[in-house]
Every structure is written in C-alpha cells, then in structure tokens.
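Asks: Let me begin by handing over the structure; questions about it come next.
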Amino acid sequence: MSRVGLRAVALAYLAVLLLVPVGVVFYKTFEHGLGAVFDSVTTPAAIHAFWLTIEVAVIAVPLNAAFGVITALALVRGRWRGKSLVNAIIDLPFAISPVVIGLALILVYGRNGWLGSWLSDHGIQIIFAVPGMVLATIFVSLPFVVREVAPVLREIGDEQEQAAATLGASSWQTFWRVTLPSIRWGIAYGVVLSTARAIGEFGAVSIVSGKVAGQTETLTLLVEKRYGNFDVAGAYAASALLALIALATLLAMTVINPRKEPA
Amino acid sequence: MATIWLSLIVLIPLAAVVAKSTDGPFWETVGSRQAVSALELTVLASIGVAAINAVMGTLVAWVLVRDSFPGKGVVNALIDLPFALPTIVAGITLLALWGQHVAYTRTAIVLALLFVTLPFVVRSVQPVLLELDAEMEEAAASLGARPLTIFRLIVLPNLAPAIASGAALGFARAVGEFGSVVLVSGNIPFKTQVASVFIFNQVESDNTPGAAAVAVVLMAISLLVLLIIRRLGR
Amino acid sequence: MKRTLSVAVVAVAALVAAGCGGAADTKDATAATGGGGAKKLALVAYSTPQVVYDQLIPAFRKTAAGGDTSFSESFGASGDQSRAVESGQAADIVAFSLATDITRLVKDGIVASDWASGPTKGIVSDSVVTLVVRKGNPKHVETWDDLLKPGVQVLTPNPFTSGSARWNLMAAYGAQLEQGKSEAQALAYIKELITKHVAVQDKSGRDALNTFTSGKGDVLISYENEAITAQQKGKDVDYVTPGDTILIENPIAVTKSSKNPAQAKAFVDYALSPAGQQVFADHGYRPVDKAVFKRNASTFPTPKGLFTIDDLGGWDKVATEFFDPQIGSFARIEADAGVSTAK
C-alpha cells in the first residue's frame, strides 16, 4: 500500500467521522457572527461555568497523572500476582455508564448513602457540590495516563534503568533522569486525553452536581441547559469553548515537549 | 499507595452498586427479554466498534506519525475533540449531519460510538510509534523485505499492546456511552435500546435495584471482554 | 513537569481571583437573580418553567416579604430533581411537574404531609395535553383518533424515563374512557399508538419537542405550555387541543428542612398571588388563580371533555397500575411491542 494511499484512506475516515462533525460545530457556532458568540460566552453564567470546568480539571487531572505513572510503573516493571485483574479494573470506569457512576457516588456519599449520616454530622457536603463533581471527573478519567504510559514503558524496556542502577543512581534519580524523559510523550498524551475527557464529562457530573445555576454548572451542563432552552447557538458556542480548551491543552503539551514534534 | 487511591475512588462506589443490586430480584430483572436484548445490542455494537477502531485507529496513528502533509498538525490536534465535546453535542451534530437517513437506527448507534471512541487507539499507538526504533525496519528493508511484511513481522508485534490497550478502552467507553446514543438511537426497546439507556429507564422508574443489577452484569461482561482483549494483545 | 506545575498554580490562583461569575445567562447584568440578601433560598424545580422563575424571583425580591432574600436555582428533569433532593440536595422550595415527585419527598420526610392542604391543593400552575403539529396542520390532525390514521408518525417521550411524559399517555387513555370506551378498548388504543405510530421515544419532553422541530414526525403529544413556549421562541408549529384531554397540574411546596421557612412560604404565596400568576400566564401556563385565568381566557380555551388525574384514580394508583416496570399495563405494552419486532 503506497504512502499516499494510506494517507488517503486515513484522511477520508477522519473526514467523515471527525472533521466534518467538528466543522459543523464551529460553523454553527459562528453562523450568527462573532459578536453573538462573544456575547454568548461572556454571560456571567458562562464565565462561571468556564472557571468551574477548569477548576475541576486542574484538580482531577494532576491527581490522575500521578496515579497513572505510579500504576503504570507497578504494572509494567513490577512482578506480582493479580496484575491482569488490576489491569482490567483500571479500565472499568469507562465501561460504566455515567448514570451508574452518578448512582454509585450517591449510594456512597448521598443523604441515604453509606457515608451519608457521617458526612452530614460533620457538615461536609460532597454530593451536589464541587467535591462530588471532582470525584465523578476523577472516576471517568482515571485510566488515561496509565494506559498511555504503560505501552511506552513496555516498549522502551528497562535496560537504561538497570544501567543507571549499576552506576549507582538512587531509584528517585533513575526515575527522574532516565524513566521520566522517555515516557514524557506517554504522559503528555495521557494528560491531554485526561483533560479533554474531564472537561467534556456530562452525564455523571450532571447527576452529582445539583445543577445549581452559577454555582455547580460546568460548561457541559451549560450546553445542555442552553440546548433545552432553545438557545442552540449558545449551546454550540459553549461547546466551541470546550473544544478550544482541549486544543489549548494539546498545544501546551507540545510546547512542554519540544524535542519530538509529531508535525 | 496506588491501590488505596484506586479503592477510594473506584472500588467503594462500585461496591455500593453491587450491594444495591441485591436489594431486588436480580436474575429476574437481568433475565428479562428487554434487558437481555439491550445487553446484546450494546456488547455486539461495542465489539464491532473496537474492531473498527483497532484497524482504522492504527492507520490514522501511522499516518500522523510517519507521514507528513500540509495541515497534519491541525488534524492531529482535532483527534481529541470527541472527548472534549459533551456527548449531547456529539448527538445533535451527528443528527444534523446524517439526520433523516440513518437516525434512529442501529447504524446511528455505531456511528455515534465510532465518533466518541475515535481518539483511543490513535492516541494509544502514537506515543509507542514515536519511541519505536526505526533501525529494525530499515534493516529489514535493506534485506529486501516488502513493506507489508515489515509491518506484519516487526512493527505490529511492537504495537500490539498499545493497539489492544486502545481498543479495550474504546470498547469500555462504547459499552457505557449514554449521552450521544440516547439522542440518535430512538431508544425503541428490542430494536435500538442500549444497556445504558435501559439502566437509565430503571432509575427513572424508581427501580434502583434493577438498574444496579443490569449495571453489575454489564460490568462483569466488560471485565471479561477487557481481559480477553488484553490477552490477545500479548 | 515543573512548568506544568507552575501553570497549574497560576491557574488556581486566577480562579480564586476570578470568583464566581453568577447565575445569569444573559448579557444584561441586571438580570442577576442571585442577589445579596441575607436569607438564602434554594429553589429546585423542573426545567420548563425556568423562564417563569427567572422573572418571578427578581419580582419577589422587590416586595417587602422578599427584600432580604437571595436565591440559588436548580433546574432539571422533574424526576431527577426530586431524586436529587431525596439524596441530599439542599432545597427550600421545590416545584415539580407532577405530584408523585413531591410525594416521594413526603415519604422521605423532607416535605410535610399537609403540603396539598392549601386553597389550590398545592398546585401552582396548570396546563393541558395538546397535539403539536406542523404550521398549517397539513395532515389535519384534530382528535386522538386521527393519531391512528395510517402513516401518521407520532412523537411522545418515553414514559419510563420522563415522569412528565406520563401525562401524555394518561391523556390519551383517559380520552378514550371519556368517549365511552371500556378500559380494555382504551388499552388497545394505547397499544396501537405505541407499537404502530411511535418511531422515536426521546428521554424527555423537551428532547421530543426538539426532535419534532428538527423535522421528524407528524404529531407531537406535548403540553400546551410547551407548544406556546415553542411558538414564542419562533418555532413553526401549531397546536390542536383535543376535546377530551387531561388537566396537567404542577405542584409546588416548601421543605421541612428549610432554614428560612417564613421566606420560603412567602415566595410560594407570591407565586400564587395575582402578580405571580400573571407571569405564569405570560409564558403559557394556565394560572390556578381564577380571576387571573379569566383575564387570560382567550389564550386558554377550556376543552369540553377536560378531566383530571384524580378522575383516573390519582397518581399513586395510576403509577402502579400502568407504569410499574414489572406489572404496569403500559410497561407490558412496551415489552409486548418487542414480540412483533424482535429479531
């Protein structure tokens, strides 16, 4: 298969499945002109939703990144039983529909849930407040960094790390100087995907957020609210904002990793 | 330390769901014709989607890493958008595009699922391809091996874990997908109702144990398929 | 890595500085409904009357009783909102689409059991089930029987995912009874409607309306207030209210856990006052205040065969008899629909 042939097939697939739909989103966003879009994304509700979305992602993504790297190392480099099971459990958060995730969190942290009375006795509000939304977001974006880093770890092998160890480097030095640089692309892509997923999450966050206007509404919830209020242009504008955040994250990652630019 | 994190975030809430499922007639709900039909449709559609992703995703990743053409950077940047866009937007956009022709059919379900799972295999394979040492391929080529053989015998085995990883993630996501499918599928029981919508129905009808029961079965099936896909990737 | 961390720190700092934007989703800053009063009230309501409450709240805050209040509002699907309050969402005032969403909270001790003892029996607004058609009514749909004509495509949301959608089916069912048919014949009507004429079952009334306005289907079973809202927003639809249809009654109540019960009750009283009821009327909801209703009678014609859910036995009985997922007759019709179409 020639290079051009492969390129054509890949691009055709992407065009139909991705480029055209995304193009539609941006087209419908700017259909009524730049001014309308600007108004739409600068209403107090939109501004708050924007910052809340970022806030939730800024908490969830780094936590998942740290967890991801540690777990990937344990899975690939470690020797212990039950690896396959842990592997499969890590992927499970994806398989669970957002309705169930919301249900699960409410069953544990809700008023009638396992921790419900303890939480209300101590005045801690998790569900129907930002902490609950962070939990839901962590849940749905948990596997990404692990899954991006593990195959890379497997691919590069551990010879360099072993060499460093024989030269007297401590585990931390080995990790920081040898392992980390070689998995940076895995981490970068994991963070990008994790962020995109975190900001785009709708279902589970919708259930645990309480949908309080101006307090617990993220951009995705704002999109739904606007769509339901016949403000389709506004819904698309908020979606375009989400797309821009995702693009900005990718840009940031490629800036931080200037060595190998895939362009 | 990682296991504590895992437990806190994932396992305890899931355990709560399993516990809830025992509050009602577990096997009756799960064995009902509507539940079985929804589960079947979901699993089959998701396996199909995972398979398509494994092939096309690898192809796209290959083109993005090894090829170069004007606009490649833009295309690369757009790959993550199916994640960042809320599922409701994916739904209404797909409806706007293919609207009357395939809407409210099983094809619509597959198309919606392909859209939301697009990034998985691509992003899974890309970092591995970037780290892949091209020396072996060049050596094989200089020895006269054809490109397809090189790919099959040298590149593919190295990519297999990443492809399997991405496909498994795509499968898992497809199984749980709700927001876009519920808009484009029409939700007709026995025809176009997927498991996540069935579960939603049960919650809305105040049948929480029933919802939990089907969710547990779905989780078990997913675990099984995930284990199998990973085995295949070795 | 260090750079990512510092970026994150800066972001968090910026967040703290930016503070909350507020609740208003319009460019007009004076539309801010939150307010800075000391008495905080949380309104948890179903989604369609958001337009009404967006007006009611600022108006209430200008009155003496509401002067010192500030509001937080949450809107969503009626059943979901009710379940959220049951699971711990803070609420001082709850307003839902149908009474079962309030009785759920009564059972859980969140709402007092005498919530319906006021002069309007706890109801704040009414509507009727109507048939929404394309502009000009090209298929000449006027009655329930017209829905069964060959080739007519009907949209109605799934009554198992949308509590509010239950009004639609009870209207259709009750209309058959009003016309003198037996219960068996009424069930047969519903069966034929669902199996032969409904192609899509959206998960909520608003989703169904959006599906209809995007071109699918010939008739949408919906509520009068939805049809009026759609027209006010410029959609090209007409609506025909059949002679026999059900009166939709939307309840409102205060919660027992409210920290500001006097203000919460004052808000409900305001919603029931002539001024408040007129706001409802302006947006297509039938006021329960008789004087206000009379003033707006031209918008709200009274169908000849209007009946209520109590005529059919009340929601508790109806919920079990028809909508119980295992034994309800409508549930069985949905399941039986699989017999003819299963692969």
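Residues in the structure tokens are named by chain (A, B, ... in the order shown) and by number from 1 within that chain; ligands are numbered from 1 in the order shown.
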How close does each residue of chain C get to chain B, giving the shortest atom pair and distance in Å to one decimal for every residue with an atom at most 7 Å away, counting only C-alpha atoms, sorted by chain and residue number, as a Markdown table?
Replies:
| residue | atom | partner | partner_atom | distance |
| --- | --- | --- | --- | --- |
| C:Gly79 | CA | B:Glu204 | CA | 6.7 |
| C:Phe160 | CA | B:Asn201 | CA | 5.6 |
| C:Thr161 | CA | B:Asn201 | CA | 5.0 |
| C:Val200 | CA | B:Gly186 | CA | 4.4 |
| C:Gln201 | CA | B:Gly186 | CA | 5.5 |
| C:Asp202 | CA | B:Gly186 | CA | 6.4 |
| C:Pro325 | CA | B:Ser205 | CA | 6.9 |
| C:Ala335 | CA | B:Gln34 | CA | 6.9 |
| C:Gly338 | CA | B:Phe190 | CA | 5.6 |
| C:Ala342 | CA | B:Phe190 | CA | 5.9 |
Asks: Go ahead and write the selection's residues with N, CA and C atoms as a short mmCIF file (atom, residue, chain, number, x, y, z; two decimals), in the first residue's frame.
Replies:
data_model
loop_
_atom_site.label_atom_id
_atom_site.label_comp_id
_atom_site.auth_asym_id
_atom_site.auth_seq_id
_atom_site.Cartn_x
_atom_site.Cartn_y
_atom_site.Cartn_z
N GLY C 79 -38.24 14.20 37.63
CA GLY C 79 -37.91 13.03 38.45
C GLY C 79 -36.49 13.10 38.99
N PHE C 160 -41.19 6.01 30.79
CA PHE C 160 -40.41 5.39 31.85
C PHE C 160 -39.13 6.16 32.13
N THR C 161 -38.82 7.13 31.30
CA THR C 161 -37.66 7.97 31.62
C THR C 161 -38.09 9.39 31.90
N VAL C 200 -39.89 7.08 17.59
CA VAL C 200 -38.77 7.51 18.43
C VAL C 200 -39.30 7.82 19.82
N GLN C 201 -38.57 7.37 20.85
CA GLN C 201 -39.00 7.72 22.20
C GLN C 201 -37.89 8.50 22.86
N ASP C 202 -37.97 9.80 22.80
CA ASP C 202 -36.95 10.62 23.44
C ASP C 202 -37.04 10.49 24.95
N PRO C 325 -42.71 -0.93 36.44
CA PRO C 325 -41.91 -1.60 35.41
C PRO C 325 -42.20 -3.09 35.26
N ALA C 335 -43.18 -3.90 26.42
CA ALA C 335 -42.47 -5.17 26.30
C ALA C 335 -43.06 -6.01 25.18
N GLY C 338 -42.07 -5.76 21.64
CA GLY C 338 -40.90 -6.48 21.17
C GLY C 338 -41.25 -7.77 20.46
N ALA C 342 -39.09 -8.09 17.39
CA ALA C 342 -37.83 -8.70 17.82
C ALA C 342 -37.23 -9.52 16.69
#
Asks: List the neighbours of stretch 10-19 of chain A out to 9 Å using only C-alpha atoms; skip same-chain residues closer than 4 positions along the sequence, and give me the result as a ChimeraX atom specification.
Replies: /A:5-6,23-24 /B:56-57,59-61,63,75,78-79,81-82,111,114-115,118
Asks: Take the residues just selected and output them with C-alpha atoms as an mmCIF file, in the first residue's frame.
Replies:
data_model
loop_
_atom_site.group_PDB
_atom_site.id
_atom_site.type_symbol
_atom_site.label_atom_id
_atom_site.label_comp_id
_atom_site.auth_asym_id
_atom_site.auth_seq_id
_atom_site.Cartn_x
_atom_site.Cartn_y
_atom_site.Cartn_z
ATOM 1 C CA GLY A 5 -2.906 5.509 -0.474
ATOM 2 C CA LEU A 6 -2.665 5.060 3.291
ATOM 3 C CA GLY A 23 -16.556 21.582 11.297
ATOM 4 C CA VAL A 24 -20.320 21.608 11.778
ATOM 5 C CA MET B 56 -8.531 2.484 11.486
ATOM 6 C CA GLY B 57 -7.023 3.943 14.635
ATOM 7 C CA LEU B 59 -3.812 3.513 10.382
ATOM 8 C CA VAL B 60 -4.526 7.059 11.454
ATOM 9 C CA ALA B 61 -1.766 6.983 14.074
ATOM 10 C CA VAL B 63 -0.173 8.413 9.043
ATOM 11 C CA VAL B 75 -5.616 17.127 12.064
ATOM 12 C CA LEU B 78 -8.512 17.676 16.353
ATOM 13 C CA ILE B 79 -8.257 13.992 17.260
ATOM 14 C CA LEU B 81 -12.177 16.638 20.265
ATOM 15 C CA PRO B 82 -14.623 13.742 20.527
ATOM 16 C CA LEU B 111 -21.645 5.911 14.077
ATOM 17 C CA LEU B 114 -17.200 5.400 16.486
ATOM 18 C CA PHE B 115 -17.153 9.151 16.974
ATOM 19 C CA LEU B 118 -12.034 7.685 17.865
#
Asks: Go through B:Gly91, B:Gly73, B:Gly170, B:Gly24 one by one, measure the shortest atom-to-atom distance of each to B:Gly48 using only C-alpha atoms, and give the residue with the smallest value.
Replies: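 Residue with the minimum atom-to-atom distance to B:Gly48: B:Gly170.
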Asks: For chain A against chain C, which residues fall within 6 Å using only C-alpha atoms, given as a list in words?
Replies: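 Selected residues: Thr43, Pro44, Ala45, Ile47, His48, Gly110, Arg111, Phe128, Lys211, Val212, Ala213 and Gly214 of chain A.
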